$ cat my_file.csv   # CSV, C-alpha atoms and all ligand atoms
chain,number,residue,atom,x,y,z
A,1,MET,CA,-24.9,-9.4,-4.9
A,2,ASN,CA,-22.4,-12.0,-6.0
A,3,LYS,CA,-20.5,-12.9,-2.8
A,4,LEU,CA,-17.6,-15.2,-2.8
A,5,LYS,CA,-17.5,-17.1,0.4
A,6,GLN,CA,-14.5,-18.7,2.0
A,7,LYS,CA,-14.3,-20.2,5.5
A,8,ASN,CA,-12.3,-18.3,8.0
A,9,ASP,CA,-10.3,-21.3,9.2
A,10,GLY,CA,-7.0,-22.6,7.8
A,11,SER,CA,-4.2,-20.5,9.2
A,12,GLU,CA,-1.9,-22.0,6.6
A,13,ARG,CA,-3.7,-20.3,3.8
A,14,PRO,CA,-1.8,-17.4,2.2
A,15,ILE,CA,-2.3,-13.6,2.6
A,16,GLY,CA,-3.3,-11.9,-0.6
A,17,VAL,CA,-1.6,-8.5,-1.3
A,18,PHE,CA,-2.6,-6.3,-4.1
A,19,ASP,CA,-1.1,-3.1,-5.6
A,20,SER,CA,-1.4,-1.3,-8.9
A,21,GLY,CA,2.2,-2.3,-9.5
A,22,VAL,CA,5.5,-2.8,-7.7
A,23,GLY,CA,5.0,-0.2,-4.9
A,24,GLY,CA,3.1,-2.7,-2.7
A,25,LEU,CA,6.3,-4.6,-2.2
A,26,THR,CA,7.1,-2.1,0.5
A,27,VAL,CA,4.2,-3.6,2.4
A,28,VAL,CA,5.4,-7.1,1.6
A,29,LYS,CA,8.8,-6.3,3.0
A,30,GLU,CA,7.3,-5.3,6.3
A,31,LEU,CA,5.0,-8.3,6.3
A,32,ASN,CA,8.0,-10.6,5.8
A,33,ARG,CA,9.7,-9.0,8.7
A,34,LEU,CA,6.7,-9.1,11.1
A,35,LEU,CA,5.2,-12.4,9.9
A,36,PRO,CA,8.1,-14.6,8.5
A,37,ASN,CA,6.0,-17.8,8.4
A,38,GLU,CA,3.3,-16.3,6.2
A,39,LYS,CA,3.0,-17.2,2.5
A,40,ILE,CA,2.1,-14.1,0.5
A,41,ILE,CA,0.4,-14.1,-2.9
A,42,TYR,CA,1.1,-10.8,-4.5
A,43,PHE,CA,-0.6,-9.3,-7.5
A,44,GLY,CA,0.9,-6.2,-9.2
A,45,ASP,CA,-1.3,-4.8,-11.9
A,46,THR,CA,1.7,-3.6,-13.9
A,47,GLY,CA,-0.2,-3.7,-17.2
A,48,ARG,CA,-2.6,-1.0,-16.0
A,49,VAL,CA,-0.5,1.1,-13.5
A,50,PRO,CA,-0.8,4.0,-12.6
A,51,TYR,CA,-4.2,3.9,-10.8
A,52,GLY,CA,-3.5,7.3,-9.3
A,53,ASN,CA,-4.9,9.3,-12.3
A,54,LYS,CA,-7.8,7.0,-13.2
A,55,SER,CA,-11.5,7.4,-12.5
A,56,LYS,CA,-13.2,5.8,-9.5
A,57,GLU,CA,-15.2,3.4,-11.7
A,58,THR,CA,-12.1,2.1,-13.4
A,59,ILE,CA,-10.2,1.6,-10.2
A,60,VAL,CA,-13.1,-0.3,-8.6
A,61,HIS,CA,-13.5,-2.4,-11.7
A,62,TYR,CA,-9.7,-3.3,-11.7
A,63,SER,CA,-9.7,-3.9,-7.9
A,64,LEU,CA,-12.5,-6.4,-8.1
A,65,GLN,CA,-10.9,-8.3,-10.9
A,66,VAL,CA,-7.6,-8.6,-9.0
A,67,ALA,CA,-9.4,-9.5,-5.7
A,68,TYR,CA,-11.3,-12.3,-7.5
A,69,PHE,CA,-8.1,-13.6,-8.9
A,70,LEU,CA,-6.5,-13.7,-5.4
A,71,MET,CA,-9.7,-15.2,-3.8
A,72,LYS,CA,-9.3,-18.2,-6.2
A,73,LYS,CA,-5.9,-18.8,-4.6
A,74,LYS,CA,-7.7,-19.4,-1.3
A,75,ILE,CA,-6.3,-16.5,0.6
A,76,LYS,CA,-7.2,-16.0,4.3
A,77,MET,CA,-7.0,-12.2,4.2
A,78,LEU,CA,-6.8,-9.5,1.5
A,79,VAL,CA,-4.5,-6.5,1.9
A,80,VAL,CA,-5.0,-3.6,-0.5
A,81,ALA,CA,-1.5,-2.2,-0.4
A,82,CYS,CA,-2.3,0.5,-3.0
A,83,ASN,CA,-3.4,3.8,-1.4
A,84,THR,CA,-5.4,4.8,-4.4
A,85,ALA,CA,-7.3,1.5,-4.6
A,86,SER,CA,-7.7,1.6,-0.8
A,87,SER,CA,-9.1,5.1,-1.1
A,88,VAL,CA,-11.8,4.3,-3.6
A,89,SER,CA,-12.4,0.5,-3.7
A,90,LEU,CA,-12.4,-0.7,-0.1
A,91,PRO,CA,-16.1,-0.5,0.7
A,92,THR,CA,-16.9,-2.4,-2.5
A,93,LEU,CA,-14.3,-5.1,-1.8
A,94,LYS,CA,-15.5,-5.5,1.8
A,95,ARG,CA,-19.1,-6.0,0.6
A,96,HIS,CA,-18.0,-8.7,-1.9
A,97,PHE,CA,-15.8,-10.9,0.3
A,98,HIS,CA,-16.2,-12.7,3.6
A,99,ILE,CA,-12.5,-12.7,4.6
A,100,PRO,CA,-10.9,-9.8,6.3
A,101,VAL,CA,-10.1,-7.0,3.8
A,102,LEU,CA,-7.7,-4.3,4.9
A,103,GLY,CA,-6.5,-1.1,3.2
A,104,VAL,CA,-3.7,1.2,4.1
A,105,ILE,CA,-5.7,4.4,4.9
A,106,GLU,CA,-7.0,3.7,8.4
A,107,PRO,CA,-3.8,2.2,9.8
A,108,GLY,CA,-1.9,5.3,8.4
A,109,ALA,CA,-4.4,7.7,9.8
A,110,ARG,CA,-4.4,6.1,13.2
A,111,ALA,CA,-0.6,6.3,13.5
A,112,ALA,CA,-0.6,10.0,12.4
A,113,ILE,CA,-3.2,11.0,15.0
A,114,LYS,CA,-1.1,9.1,17.6
A,115,ASN,CA,2.0,11.0,16.6
A,116,SER,CA,0.8,14.5,16.1
A,117,LYS,CA,1.2,16.9,19.0
A,118,ASN,CA,-0.2,20.0,17.4
A,119,ASN,CA,-3.1,18.5,15.5
A,120,LYS,CA,-1.8,19.6,12.1
A,121,ILE,CA,-1.3,16.7,9.7
A,122,GLY,CA,-0.1,16.7,6.1
A,123,VAL,CA,-1.1,14.0,3.6
A,124,ILE,CA,0.7,13.4,0.3
A,125,GLY,CA,-0.4,10.9,-2.3
A,126,THR,CA,-1.6,10.4,-5.8
A,127,LEU,CA,-4.2,12.6,-7.4
A,128,GLY,CA,-6.8,9.9,-6.9
A,129,THR,CA,-6.0,9.5,-3.2
A,130,VAL,CA,-6.0,13.2,-2.5
A,131,LYS,CA,-9.2,13.8,-4.5
A,132,SER,CA,-11.0,11.1,-2.6
A,133,ASN,CA,-10.2,12.8,0.7
A,134,SER,CA,-9.9,9.3,2.2
A,135,TYR,CA,-7.2,10.2,4.6
A,136,LYS,CA,-8.9,13.4,5.6
A,137,LYS,CA,-12.1,11.5,6.4
A,138,ALA,CA,-10.3,8.8,8.3
A,139,LEU,CA,-8.4,11.4,10.3
A,140,LYS,CA,-11.5,13.4,11.1
A,141,LYS,CA,-13.3,10.2,12.1
A,142,ILE,CA,-10.8,9.7,14.8
A,143,ARG,CA,-10.4,13.4,15.8
A,144,THR,CA,-13.0,15.8,14.4
A,145,ASN,CA,-11.0,19.0,14.9
A,146,VAL,CA,-7.8,17.8,13.3
A,147,ASN,CA,-6.3,20.2,10.6
A,148,VAL,CA,-5.4,18.3,7.4
A,149,VAL,CA,-3.4,19.7,4.5
A,150,GLN,CA,-3.1,17.6,1.4
A,151,LYS,CA,-0.9,17.6,-1.7
A,152,GLU,CA,-0.7,15.3,-4.7
A,153,CYS,CA,2.8,14.4,-5.8
A,154,PRO,CA,2.4,12.3,-9.0
A,155,LEU,CA,6.0,12.5,-10.2
A,156,PHE,CA,7.2,10.7,-7.1
A,157,VAL,CA,5.9,7.4,-8.4
A,158,HIS,CA,8.1,7.6,-11.5
A,159,LEU,CA,11.1,8.8,-9.6
A,160,ALA,CA,10.9,5.8,-7.2
A,161,GLU,CA,10.3,3.3,-10.1
A,162,ASP,CA,13.3,4.6,-12.0
A,163,GLY,CA,15.6,4.7,-9.0
A,164,TRP,CA,15.8,8.5,-9.0
A,165,ASN,CA,14.8,8.6,-5.3
A,166,LYS,CA,17.9,10.2,-3.8
A,167,ASN,CA,19.3,12.6,-6.5
A,168,LYS,CA,19.2,16.4,-7.0
A,169,ILE,CA,16.2,16.2,-9.3
A,170,ALA,CA,14.2,14.3,-6.8
A,171,GLN,CA,15.1,16.9,-4.1
A,172,LEU,CA,14.1,19.8,-6.4
A,173,ILE,CA,10.8,18.2,-7.3
A,174,SER,CA,10.1,17.3,-3.6
A,175,ASP,CA,10.9,20.9,-2.5
A,176,GLU,CA,8.5,22.3,-5.1
A,177,TYR,CA,5.7,19.9,-4.2
A,178,LEU,CA,6.0,20.4,-0.5
A,179,LYS,CA,6.4,24.2,-0.6
A,180,PRO,CA,2.7,24.8,0.1
A,181,LEU,CA,2.9,22.6,3.2
A,182,ARG,CA,5.9,24.2,4.7
A,183,ASN,CA,4.3,27.3,6.3
A,184,LYS,CA,1.3,25.2,7.6
A,185,LYS,CA,3.2,24.1,10.7
A,186,ILE,CA,2.4,20.5,10.3
A,187,ASP,CA,4.2,18.2,12.7
A,188,THR,CA,3.2,14.9,11.1
A,189,MET,CA,3.0,13.9,7.4
A,190,ILE,CA,1.4,10.7,6.0
A,191,LEU,CA,3.3,9.1,3.1
A,192,GLY,CA,0.0,8.2,1.4
A,193,CYS,CA,1.4,6.3,-1.5
A,194,THR,CA,3.2,2.9,-1.8
A,195,HIS,CA,6.2,4.5,-3.5
A,196,TYR,CA,6.9,7.4,-1.2
A,197,PRO,CA,8.8,5.5,1.5
A,198,LEU,CA,11.6,5.2,-1.1
A,199,LEU,CA,11.8,9.0,-1.2
A,200,LYS,CA,11.8,9.3,2.5
A,201,ASP,CA,15.2,11.2,2.7
A,202,VAL,CA,14.3,13.8,0.1
A,203,ILE,CA,10.8,14.3,1.5
A,204,GLN,CA,12.2,14.7,5.0
A,205,ASN,CA,14.6,17.4,3.8
A,206,SER,CA,11.8,19.3,2.1
A,207,ALA,CA,9.4,18.9,5.0
A,208,GLY,CA,11.9,19.8,7.7
A,209,LYS,CA,13.6,17.5,10.1
A,210,ASP,CA,11.1,17.9,12.9
A,211,VAL,CA,8.1,16.6,10.8
A,212,ILE,CA,7.4,12.9,11.6
A,213,LEU,CA,6.8,10.9,8.5
A,214,ILE,CA,4.2,8.1,8.7
A,215,ASP,CA,4.7,5.1,6.4
A,216,SER,CA,1.1,3.7,5.9
A,217,GLY,CA,2.4,0.4,4.5
A,218,LYS,CA,4.4,-0.2,7.6
A,219,GLU,CA,1.5,0.6,9.9
A,220,THR,CA,-0.7,-1.7,7.8
A,221,ALA,CA,1.6,-4.7,8.2
A,222,GLY,CA,1.3,-4.2,12.0
A,223,GLU,CA,-2.5,-4.2,11.6
A,224,VAL,CA,-2.4,-7.4,9.5
A,225,LYS,CA,-0.6,-9.1,12.3
A,226,ARG,CA,-3.1,-7.9,14.9
A,227,ILE,CA,-6.1,-9.0,12.8
A,228,LEU,CA,-4.6,-12.5,12.1
A,229,GLU,CA,-3.8,-12.9,15.8
A,230,LYS,CA,-7.3,-11.9,16.8
A,231,LYS,CA,-8.9,-14.3,14.4
A,232,ASN,CA,-6.5,-17.1,15.2
A,233,LEU,CA,-5.2,-17.1,11.7
A,234,ILE,CA,-1.4,-16.8,12.3
A,235,ASN,CA,0.5,-19.5,10.5
A,236,ASN,CA,2.6,-21.2,13.2
A,237,ARG,CA,3.1,-24.5,11.3
A,238,ASN,CA,5.3,-23.3,8.5
A,239,LYS,CA,8.4,-22.3,10.3
A,240,THR,CA,10.9,-24.1,8.1
A,241,VAL,CA,9.5,-22.9,4.7
A,242,LYS,CA,11.2,-19.7,3.5
A,243,ASN,CA,10.7,-17.6,0.4
A,244,HIS,CA,7.5,-19.4,-0.6
A,245,SER,CA,5.6,-16.3,-1.6
A,246,VAL,CA,4.3,-16.1,-5.2
A,247,PHE,CA,4.2,-13.0,-7.3
A,248,TYR,CA,1.9,-12.3,-10.3
A,249,VAL,CA,1.9,-9.3,-12.6
A,250,SER,CA,-0.3,-8.3,-15.5
A,251,ASP,CA,2.5,-7.3,-17.9
A,252,PHE,CA,5.9,-8.6,-18.7
A,253,PRO,CA,7.8,-9.5,-15.5
A,254,HIS,CA,11.3,-8.1,-16.3
A,255,LYS,CA,10.8,-4.6,-15.1
A,256,PHE,CA,9.0,-5.8,-12.0
A,257,LYS,CA,11.9,-8.1,-11.1
A,258,GLU,CA,14.4,-5.4,-11.6
A,259,VAL,CA,12.5,-2.8,-9.6
A,260,SER,CA,11.7,-5.3,-6.8
A,261,GLN,CA,15.3,-5.2,-5.8
A,262,ARG,CA,14.8,-1.5,-4.8
A,263,PHE,CA,11.5,-2.1,-3.0
A,264,LEU,CA,12.2,-5.5,-1.3
A,265,SER,CA,16.0,-5.4,-1.0
A,266,LYS,CA,16.1,-8.7,-2.8
A,267,GLU,CA,15.7,-9.8,-6.3
A,268,LEU,CA,12.6,-11.9,-7.1
A,269,LYS,CA,13.5,-15.0,-9.2
A,270,HIS,CA,10.0,-16.1,-10.1
A,271,VAL,CA,7.3,-13.6,-11.2
A,272,HIS,CA,4.4,-14.9,-13.3
A,273,LYS,CA,2.5,-13.0,-15.9
A,274,VAL,CA,-1.3,-13.5,-15.9
A,275,ILE,CA,-4.1,-12.1,-18.0
A,276,LEU,CA,-7.1,-11.3,-15.8
A,301,LIG,N1,0.2,2.2,-5.7
A,301,LIG,C1,-0.3,3.6,-5.9
A,301,LIG,C2,-0.7,4.2,-4.6
A,301,LIG,O1,-0.3,3.8,-3.6
A,301,LIG,C3,0.8,4.4,-6.6
A,301,LIG,C4,1.0,4.1,-8.1
A,301,LIG,C5,-0.3,4.3,-8.9
A,301,LIG,O2,-0.7,5.5,-9.2
A,301,LIG,O3,-0.9,3.3,-9.3
A,301,LIG,O4,-1.5,5.1,-4.6

$ encode --input "my_file.csv" --output "structure tokens"
Amino acid sequence: MNKLKQKNDGSERPIGVFDSGVGGLTVVKELNRLLPNEKIIYFGDTGRVPYGNKSKETIVHYSLQVAYFLMKKKIKMLVVACNTASSVSLPTLKRHFHIPVLGVIEPGARAAIKNSKNNKIGVIGTLGTVKSNSYKKALKKIRTNVNVVQKECPLFVHLAEDGWNKNKIAQLISDEYLKPLRNKKIDTMILGCTHYPLLKDVIQNSAGKDVILIDSGKETAGEVKRILEKKNLINNRNKTVKNHSVFYVSDFPHKFKEVSQRFLSKELKHVHKVIL
């Protein structure tokens, strides 16, 4: 197997974050908050988004291409912010690279188990994520008798990207999607897609105010910090450098820049287009 080796020293090296598009910026936002000294190299595969309705083979192929691109930037850790890519590509990526590779599924599942009192957990995500049963498997690995109810909500991605995340239409769609989950008495629900934290308010209304929503991206950022601490890879030497992260996309950057405002609460000035 073709393994790309990188030494695990060099805390000043960047963290690579990858998503099918702009949604992974929710993870970047959290990483910036928790680890302000870290340089992030982000790749959003905007030319090929969405991954959520593609086959496993295609998603693995795309994920490897993006990961090799990021490895050439000498990253010290790879974060797969995309739930769909995490669901289907993670074992392959882990086999290929010798740096820590983290997806969003396990951190999200761990937080859900910790929060649930009645052992009934809902999972919402793309079709790819739901079909892979990745969250269900991760939850059952921690607690075998947990009850898991899953539902794909594909339109949420488009609503979030177009800024329709708080209006009446978003609420109607959310109510319709979450109807089958309402009588299942779940007390915890995993937002198993990068875009769903932007629809938190409407999802909370549909699910009921007592249901705890788990943001997998947020949980993942915490796990990145723990892994870097454990491996002595936290960058302590870069305290004065701000906004030094670099963003790449695989299609024209205008839309990405515009939408980044909603995901990151700041506009990105420099976004580079690359062909993989
Ligand atoms: N980033 C994807 C995820 O978290 C959502 C968008 C897509 O389908 O590619 O699953």

$ residues_around --input "my_file.csv" --residues "His244 (chain A)" --least-positions-apart "6" --cutoff "12 Å" --atoms "only C-alpha atoms" --output "MDAnalysis selection string"
chainID A and resid 14:15 32 36:42 238 268:270

$ atom_distance --input "my_file.csv" --atom1 "CA of Asp162 (chain A)" --atom2 "CA of Val259 (chain A)"
7.8 Å

$ closest_atom_pairs --input "my_file.csv" --of "chain A" --to "ligand LIG 301 (chain A)" --cutoff "8 Å" --atoms "only C-alpha atoms and all ligand atoms" --output "Markdown table"
| residue | atom | partner | partner_atom | distance |
| --- | --- | --- | --- | --- |
| A:Asp19 | CA | A:LIG301 | N1 | 5.5 |
| A:Ser20 | CA | A:LIG301 | O3 | 4.6 |
| A:Gly21 | CA | A:LIG301 | N1 | 6.2 |
| A:Val22 | CA | A:LIG301 | N1 | 7.6 |
| A:Gly23 | CA | A:LIG301 | N1 | 5.4 |
| A:Gly24 | CA | A:LIG301 | N1 | 6.4 |
| A:Val49 | CA | A:LIG301 | O3 | 4.8 |
| A:Pro50 | CA | A:LIG301 | O3 | 3.4 |
| A:Tyr51 | CA | A:LIG301 | O3 | 3.7 |
| A:Gly52 | CA | A:LIG301 | O2 | 3.3 |
| A:Asn53 | CA | A:LIG301 | O2 | 6.5 |
| A:Ala81 | CA | A:LIG301 | O1 | 6.9 |
| A:Cys82 | CA | A:LIG301 | O1 | 3.9 |
| A:Asn83 | CA | A:LIG301 | O1 | 3.8 |
| A:Thr84 | CA | A:LIG301 | O4 | 3.9 |
| A:Ala85 | CA | A:LIG301 | O4 | 6.8 |
| A:Gly125 | CA | A:LIG301 | O4 | 6.3 |
| A:Thr126 | CA | A:LIG301 | O4 | 5.4 |
| A:Gly128 | CA | A:LIG301 | O4 | 7.5 |
| A:Thr129 | CA | A:LIG301 | O4 | 6.4 |
| A:Pro154 | CA | A:LIG301 | O2 | 7.5 |
| A:Val157 | CA | A:LIG301 | C4 | 5.9 |
| A:Gly192 | CA | A:LIG301 | O1 | 6.7 |
| A:Cys193 | CA | A:LIG301 | O1 | 3.7 |
| A:Thr194 | CA | A:LIG301 | O1 | 4.0 |
| A:His195 | CA | A:LIG301 | C3 | 6.2 |

$ residues_around --input "my_file.csv" --residues "Arg143 (chain A)" --least-positions-apart "2" --cutoff "12 Å" --atoms "only C-alpha atoms" --output "ChimeraX atom specification"
/A:109-110,112-114,116,119-121,136-141,145-148

$ atom_distance --input "my_file.csv" --atom1 "CA of Arg13 (chain A)" --atom2 "CA of Lys74 (chain A)"
6.5 Å

$ closest_residue --input "my_file.csv" --among "A:Lys179, A:Lys185, A:His254, A:Lys76" --to "Asn235 (chain A)" --atoms "all atoms listed in the file"
A:Lys76

$ closest_residue --input "my_file.csv" --among "A:Asn165, A:Gln204, A:Thr46, A:Ser55" --to "Phe247 (chain A)" --atoms "all atoms listed in the file"
A:Thr46

$ atom_distance --input "my_file.csv" --atom1 "CA of Gln65 (chain A)" --atom2 "CA of Val246 (chain A)"
18.0 Å

$ residues_around --input "my_file.csv" --residues "Gly163 (chain A)" --least-positions-apart "4" --cutoff "9 Å" --atoms "only C-alpha atoms" --output "list in words"
His158, Leu159, Leu198, Val259 and Arg262 of chain A

$ closest_residue --input "my_file.csv" --among "A:Phe97, A:Tyr135, A:Phe263, A:Phe43" --to "Pro197 (chain A)" --atoms "only C-alpha atoms"
A:Phe263

$ decode --input "my_file.csv" --residues "region 156-167 of chain A" --atoms "all heavy atoms" --output "compact mmCIF listing (two decimals), in the first residue's frame"
# COMPACT_ATOMS: atom_id res chain seq x y z
N PHE A 156 -31.82 20.16 4.22
CA PHE A 156 -31.21 21.07 5.21
C PHE A 156 -29.91 21.70 4.68
O PHE A 156 -29.61 22.84 4.99
CB PHE A 156 -30.89 20.32 6.51
CG PHE A 156 -32.08 20.11 7.43
CD1 PHE A 156 -31.94 19.33 8.57
CD2 PHE A 156 -33.30 20.70 7.17
CE1 PHE A 156 -33.01 19.13 9.43
CE2 PHE A 156 -34.38 20.51 8.03
CZ PHE A 156 -34.23 19.73 9.17
N VAL A 157 -29.15 20.91 3.89
CA VAL A 157 -27.87 21.42 3.38
C VAL A 157 -28.12 22.66 2.51
O VAL A 157 -27.47 23.69 2.65
CB VAL A 157 -27.14 20.31 2.57
CG1 VAL A 157 -25.97 20.88 1.77
CG2 VAL A 157 -26.63 19.22 3.51
N HIS A 158 -29.12 22.56 1.63
CA HIS A 158 -29.41 23.68 0.72
C HIS A 158 -29.97 24.88 1.50
O HIS A 158 -29.65 26.02 1.20
CB HIS A 158 -30.39 23.23 -0.37
CG HIS A 158 -29.90 21.99 -1.06
ND1 HIS A 158 -28.90 22.04 -2.00
CD2 HIS A 158 -30.22 20.69 -0.91
CE1 HIS A 158 -28.63 20.81 -2.40
NE2 HIS A 158 -29.42 19.98 -1.76
N LEU A 159 -30.81 24.60 2.48
CA LEU A 159 -31.38 25.69 3.27
C LEU A 159 -30.26 26.46 3.97
O LEU A 159 -30.24 27.69 3.98
CB LEU A 159 -32.36 25.14 4.32
CG LEU A 159 -33.65 24.52 3.78
CD1 LEU A 159 -34.44 23.84 4.90
CD2 LEU A 159 -34.54 25.56 3.11
N ALA A 160 -29.32 25.72 4.55
CA ALA A 160 -28.21 26.37 5.28
C ALA A 160 -27.33 27.18 4.33
O ALA A 160 -26.95 28.31 4.62
CB ALA A 160 -27.37 25.33 6.00
N GLU A 161 -27.02 26.60 3.16
CA GLU A 161 -26.14 27.30 2.22
C GLU A 161 -26.79 28.57 1.68
O GLU A 161 -26.12 29.55 1.41
CB GLU A 161 -25.75 26.37 1.07
CG GLU A 161 -24.93 25.20 1.54
CD GLU A 161 -23.69 24.93 0.71
OE1 GLU A 161 -23.58 25.48 -0.39
OE2 GLU A 161 -22.83 24.18 1.20
N ASP A 162 -28.11 28.53 1.52
CA ASP A 162 -28.79 29.70 0.96
C ASP A 162 -29.27 30.69 2.02
O ASP A 162 -29.95 31.65 1.70
CB ASP A 162 -29.96 29.26 0.07
CG ASP A 162 -29.45 28.64 -1.22
OD1 ASP A 162 -28.30 28.95 -1.59
OD2 ASP A 162 -30.17 27.86 -1.85
N GLY A 163 -28.95 30.40 3.27
CA GLY A 163 -29.33 31.33 4.33
C GLY A 163 -30.80 31.23 4.72
O GLY A 163 -31.34 32.10 5.39
N TRP A 164 -31.47 30.14 4.30
CA TRP A 164 -32.86 29.93 4.66
C TRP A 164 -32.92 29.05 5.92
O TRP A 164 -33.60 28.04 5.94
CB TRP A 164 -33.62 29.24 3.52
CG TRP A 164 -33.96 30.15 2.39
CD1 TRP A 164 -33.25 31.24 1.98
CD2 TRP A 164 -35.09 30.06 1.53
NE1 TRP A 164 -33.87 31.82 0.91
CE2 TRP A 164 -35.00 31.12 0.61
CE3 TRP A 164 -36.17 29.18 1.44
CZ2 TRP A 164 -35.95 31.33 -0.38
CZ3 TRP A 164 -37.12 29.39 0.44
CH2 TRP A 164 -36.99 30.47 -0.44
N ASN A 165 -32.19 29.43 6.91
CA ASN A 165 -32.09 28.53 8.07
C ASN A 165 -33.00 28.90 9.22
O ASN A 165 -33.11 28.18 10.19
CB ASN A 165 -30.63 28.45 8.55
CG ASN A 165 -29.98 29.80 8.71
OD1 ASN A 165 -30.39 30.77 8.08
ND2 ASN A 165 -28.99 29.89 9.56
N LYS A 166 -33.68 30.06 9.10
CA LYS A 166 -34.52 30.47 10.23
C LYS A 166 -35.92 30.85 9.80
O LYS A 166 -36.70 31.32 10.61
CB LYS A 166 -33.88 31.67 10.93
CG LYS A 166 -32.63 31.25 11.71
CD LYS A 166 -32.13 32.33 12.64
CE LYS A 166 -31.02 31.74 13.49
NZ LYS A 166 -29.93 32.60 13.73
N ASN A 167 -36.27 30.65 8.53
CA ASN A 167 -37.58 31.13 8.07
C ASN A 167 -38.67 30.04 8.16
O ASN A 167 -38.43 28.91 8.58
CB ASN A 167 -37.48 31.73 6.66
CG ASN A 167 -37.09 30.69 5.63
OD1 ASN A 167 -37.17 29.48 5.90
ND2 ASN A 167 -36.66 31.14 4.47
